[in-house]
Amino acid sequence: MAVGNVERCDKTLPLNEMIFYVRRDPALRARWLTDLEGLTREFGLSRAEYEALNDKDVRRLNDLGVHQYYIPQIMRLFYGAGMNTNNHPALEAYKRAFPEETARAMQLQAELDARTRS
Amino acid sequence: MAEIVAAMAATHSPGLTGWFTRGPKEHQEQVLRAFGEMRERLAAARPDVIVAFSNDHLLNWPINNTPEYTVGVAAEHVGPADWYDEWLALAKYRVPGHPALARHLVNEGARRRLALAYLREMQFDDGFSVPLHYLTPDMRIPLVPVSMNCTVPPIPTPERAYEVGTTMREILRAFPGPERIAVVATGGLSHEPGGPRYFWVDEEFDLWFLDLLKKGDHATLLRECTLERMEEAGSGGTAELLAWILVMAFTRGPAEVLAYMPAIAWRTGTGMVVWNELAS
């Protein structure tokens with residue numbers, strides 16, 4: 001079958017386990033912003049996982065096998081959650097990571113806008 | 001014996017509450033009209049309880065242990081989960097549960113070789129929060145939430161979802177009580193949450209899928225709408241339609257499509273359907 005992106009996920013990656021707990025716990029969410037390195041060490045992340053996180057690098061996170069659903073959640077941990085529109089900084093990181101896919105989508109968006117206006 | 005009195009399905013994208021006004025005016029109007037229609041049909045069916053099927057967005061279960069199905073058995077549910085309230089722009093709400101029906105589902109499932117995990121405190125993300133907000137704004141109808149794994153590989157197949165739907169239909173109807181039960185599916189349509197095509201919506205797939213529902217031939221839909229086809233239309237998100245396929249097993253014949261929008265602003269193909277005939 002044509003393997004979808006979600007199947008690139010490494011279910012055993014410590015980062016994939018860590019996000020579950022950080023999202024649920026306000027104390028861990030606060031530490032995310034003040035002591036990311038210490039936090040990632042406690043959860044057993046590799047240096048590569050820490051660096052991709054610290055660089056907020058969507059593409060590298062995806063390549064490392066982070067579950068795709070968790071990547072925007074990771075961006076939200078950095079940038080906040082409110083009004084998560086397509087122009088939110090958490091989403092802007094996506095546009096940089098996947099320029100071709102995003103350009104196609106934005107073109108479709110323009111066509112749809114034209115259609116709903118007419 | 002309990003009775004199934006309504007079956008419907010809708011998208012649950014967080015944008016429908018979190019940044020609703022960023023969608024085109026025309027889409028906003030369609031959404032409000034379609035949810036209004038669903039609300040009226042639901043009220044007309046006079047359900048005592050709603051059994052809703054959605055997917056867990058890796059909120060209730062960590063990735064090392066993701067059950068295929070999970071039933072919320074609490075006497076009262078509270079949502080949205082802390083991490084989700086700001087994102088969804090929703091105030092905290094409380095909705096009664098139906099522990100007797102929920103526990104019947106879990107135990108009777110086991111007797112029929114269907115493994116159902118359960119949670120006494122299920123956390124609610126957009127999956128249940130968005131449809132509840134629109135369909136039962138007063139939060140008075142008791143709810144049995146059933147979450148599904150549609151996103152952590154291996155993703156179950158449509159055939160499997162339909163088979164589980166058939167078993168659940170038998171189990172719910174065998175509940176020793178006079179309950180009138182509405183079944184509601186939430187999720188889909190095409191989208192790829194967090195993947196490279198995060199901003200993409202596959203309108204062609206969505207219209208094709210809705211057309212299969214309108215034709216109402218379940219065997220054809222299951223044959224044509226494979227997991228591969230869903231993944232192609234948006235990986236890790238389109239397969240939320242497994243909830244729709246599960247609910248389809250409670251019905252017979254064509255679905256009525258109330259609305260469809262390729263809503264890139266909300267990052268999902270957005271649609272609402274109701275079934276007018278229920279399986280006997």
# chains A, B, ... in the order shown; residues from 1 in each chain; ligands from 1
call {"tool": "closest_atom_pairs", "arguments": {"of": "chain B", "to": "chain A", "cutoff": "7 Å", "atoms": "only C-alpha atoms", "output": "JSON lines"}}
result
{"residue": "B:Gly18", "atom": "CA", "partner": "A:Met83", "partner_atom": "CA", "distance": 5.9}
{"residue": "B:Trp19", "atom": "CA", "partner": "A:Met83", "partner_atom": "CA", "distance": 5.5}
{"residue": "B:Glu26", "atom": "CA", "partner": "A:Thr116", "partner_atom": "CA", "distance": 6.7}
{"residue": "B:Leu59", "atom": "CA", "partner": "A:Phe20", "partner_atom": "CA", "distance": 6.7}
{"residue": "B:Pro62", "atom": "CA", "partner": "A:Phe20", "partner_atom": "CA", "distance": 5.8}
{"residue": "B:Ile63", "atom": "CA", "partner": "A:Glu17", "partner_atom": "CA", "distance": 6.1}
{"residue": "B:Asn64", "atom": "CA", "partner": "A:Lys11", "partner_atom": "CA", "distance": 6.8}
{"residue": "B:Trp83", "atom": "CA", "partner": "A:Arg23", "partner_atom": "CA", "distance": 6.3}
{"residue": "B:Glu86", "atom": "CA", "partner": "A:Gly82", "partner_atom": "CA", "distance": 5.6}
{"residue": "B:Trp87", "atom": "CA", "partner": "A:Gly82", "partner_atom": "CA", "distance": 4.9}
{"residue": "B:Pro153", "atom": "CA", "partner": "A:Glu7", "partner_atom": "CA", "distance": 6.1}
{"residue": "B:Pro193", "atom": "CA", "partner": "A:Tyr69", "partner_atom": "CA", "distance": 5.6}
{"residue": "B:Gly194", "atom": "CA", "partner": "A:Gln68", "partner_atom": "CA", "distance": 4.7}
{"residue": "B:Gly195", "atom": "CA", "partner": "A:Gln68", "partner_atom": "CA", "distance": 5.3}
{"residue": "B:Pro196", "atom": "CA", "partner": "A:Phe98", "partner_atom": "CA", "distance": 5.7}
{"residue": "B:Arg197", "atom": "CA", "partner": "A:Glu101", "partner_atom": "CA", "distance": 5.5}
{"residue": "B:Phe199", "atom": "CA", "partner": "A:Ala105", "partner_atom": "CA", "distance": 5.6}
{"residue": "B:Trp200", "atom": "CA", "partner": "A:Ala105", "partner_atom": "CA", "distance": 4.9}
{"residue": "B:Glu228", "atom": "CA", "partner": "A:Met1", "partner_atom": "CA", "distance": 6.2}
{"residue": "B:Glu231", "atom": "CA", "partner": "A:Gly4", "partner_atom": "CA", "distance": 5.5}
{"residue": "B:Glu232", "atom": "CA", "partner": "A:Gly4", "partner_atom": "CA", "distance": 6.6}
{"residue": "B:Ser235", "atom": "CA", "partner": "A:Gly4", "partner_atom": "CA", "distance": 5.1}
{"residue": "B:Gly236", "atom": "CA", "partner": "A:Val6", "partner_atom": "CA", "distance": 5.3}
{"residue": "B:Ile264", "atom": "CA", "partner": "A:Gln109", "partner_atom": "CA", "distance": 6.4}
{"residue": "B:Ala265", "atom": "CA", "partner": "A:Asn86", "partner_atom": "CA", "distance": 6.7}
call {"tool": "closest_residue", "arguments": {"among": "B:Ala255, B:Gly269, B:Glu163, B:Arg173", "to": "Glu204 in chain B", "atoms": "only C-alpha atoms"}}
result
B:Gly269
call {"tool": "closest_residue", "arguments": {"among": "B:Ala100, B:Val5, B:Leu241, B:Leu207", "to": "Phe175 in chain B", "atoms": "only C-alpha atoms"}}
result
B:Ala100
call {"tool": "closest_residue", "arguments": {"among": "B:Val201, B:Leu210, B:Leu42, B:Leu88", "to": "Thr17 in chain B", "atoms": "only C-alpha atoms"}}
result
B:Leu88
call {"tool": "select_by_dssp", "arguments": {"residues": "range 51-245 of chain B", "states": "alpha helix (DSSP H)", "output": "PyMOL selection string"}}
result
chain B and resi 82-88+99-111+126-135+158-173+203-215+218-224+227-232+242-245
call {"tool": "atom_distance", "arguments": {"atom1": "CA of Asp56 in chain B", "atom2": "CA of Val274 in chain B"}}
result
22.8 Å
call {"tool": "decode", "arguments": {"residues": "range 12-61 of chain A", "atoms": "C-alpha atoms", "output": "mmCIF file, in the first residue's frame"}}
result
data_model
loop_
_atom_site.group_PDB
_atom_site.id
_atom_site.type_symbol
_atom_site.label_atom_id
_atom_site.label_comp_id
_atom_site.auth_asym_id
_atom_site.auth_seq_id
_atom_site.Cartn_x
_atom_site.Cartn_y
_atom_site.Cartn_z
ATOM 1 C CA THR A 12 9.119 3.622 20.736
ATOM 2 C CA LEU A 13 10.694 7.093 20.500
ATOM 3 C CA PRO A 14 11.003 8.568 24.021
ATOM 4 C CA LEU A 15 9.809 11.939 22.720
ATOM 5 C CA ASN A 16 6.518 10.340 21.678
ATOM 6 C CA GLU A 17 6.042 9.139 25.242
ATOM 7 C CA MET A 18 7.137 12.400 26.811
ATOM 8 C CA ILE A 19 4.629 14.677 25.068
ATOM 9 C CA PHE A 20 1.705 12.736 26.498
ATOM 10 C CA TYR A 21 2.789 13.591 30.057
ATOM 11 C CA VAL A 22 3.884 17.171 29.384
ATOM 12 C CA ARG A 23 0.540 18.093 27.793
ATOM 13 C CA ARG A 24 -1.385 16.867 30.819
ATOM 14 C CA ASP A 25 0.727 18.488 33.524
ATOM 15 C CA PRO A 26 0.923 22.282 34.050
ATOM 16 C CA ALA A 27 4.187 21.937 36.028
ATOM 17 C CA LEU A 28 5.852 20.046 33.178
ATOM 18 C CA ARG A 29 4.456 22.544 30.661
ATOM 19 C CA ALA A 30 6.112 25.349 32.618
ATOM 20 C CA ARG A 31 9.407 23.466 32.729
ATOM 21 C CA TRP A 32 9.179 22.959 28.972
ATOM 22 C CA LEU A 33 9.814 26.676 28.620
ATOM 23 C CA THR A 34 12.423 27.047 31.347
ATOM 24 C CA ASP A 35 14.337 23.756 31.437
ATOM 25 C CA LEU A 36 13.725 21.829 28.234
ATOM 26 C CA GLU A 37 17.126 20.193 28.339
ATOM 27 C CA GLY A 38 16.707 18.843 31.884
ATOM 28 C CA LEU A 39 13.209 17.651 31.103
ATOM 29 C CA THR A 40 14.263 15.775 27.977
ATOM 30 C CA ARG A 41 17.097 14.123 29.892
ATOM 31 C CA GLU A 42 14.667 12.857 32.532
ATOM 32 C CA PHE A 43 12.475 11.321 29.836
ATOM 33 C CA GLY A 44 15.485 9.652 28.196
ATOM 34 C CA LEU A 45 15.484 11.581 24.923
ATOM 35 C CA SER A 46 18.501 11.425 22.628
ATOM 36 C CA ARG A 47 20.566 14.493 21.862
ATOM 37 C CA ALA A 48 19.091 14.535 18.345
ATOM 38 C CA GLU A 49 15.552 14.598 19.755
ATOM 39 C CA TYR A 50 16.450 17.424 22.125
ATOM 40 C CA GLU A 51 18.099 19.471 19.390
ATOM 41 C CA ALA A 52 15.220 19.078 16.944
ATOM 42 C CA LEU A 53 12.890 20.208 19.709
ATOM 43 C CA ASN A 54 15.051 23.109 20.757
ATOM 44 C CA ASP A 55 15.329 24.257 17.124
ATOM 45 C CA LYS A 56 11.535 23.887 16.731
ATOM 46 C CA ASP A 57 12.377 22.009 13.539
ATOM 47 C CA VAL A 58 9.178 20.440 12.232
ATOM 48 C CA ARG A 59 10.878 18.588 9.423
ATOM 49 C CA ARG A 60 13.510 16.980 11.627
ATOM 50 C CA LEU A 61 10.918 16.012 14.214
#
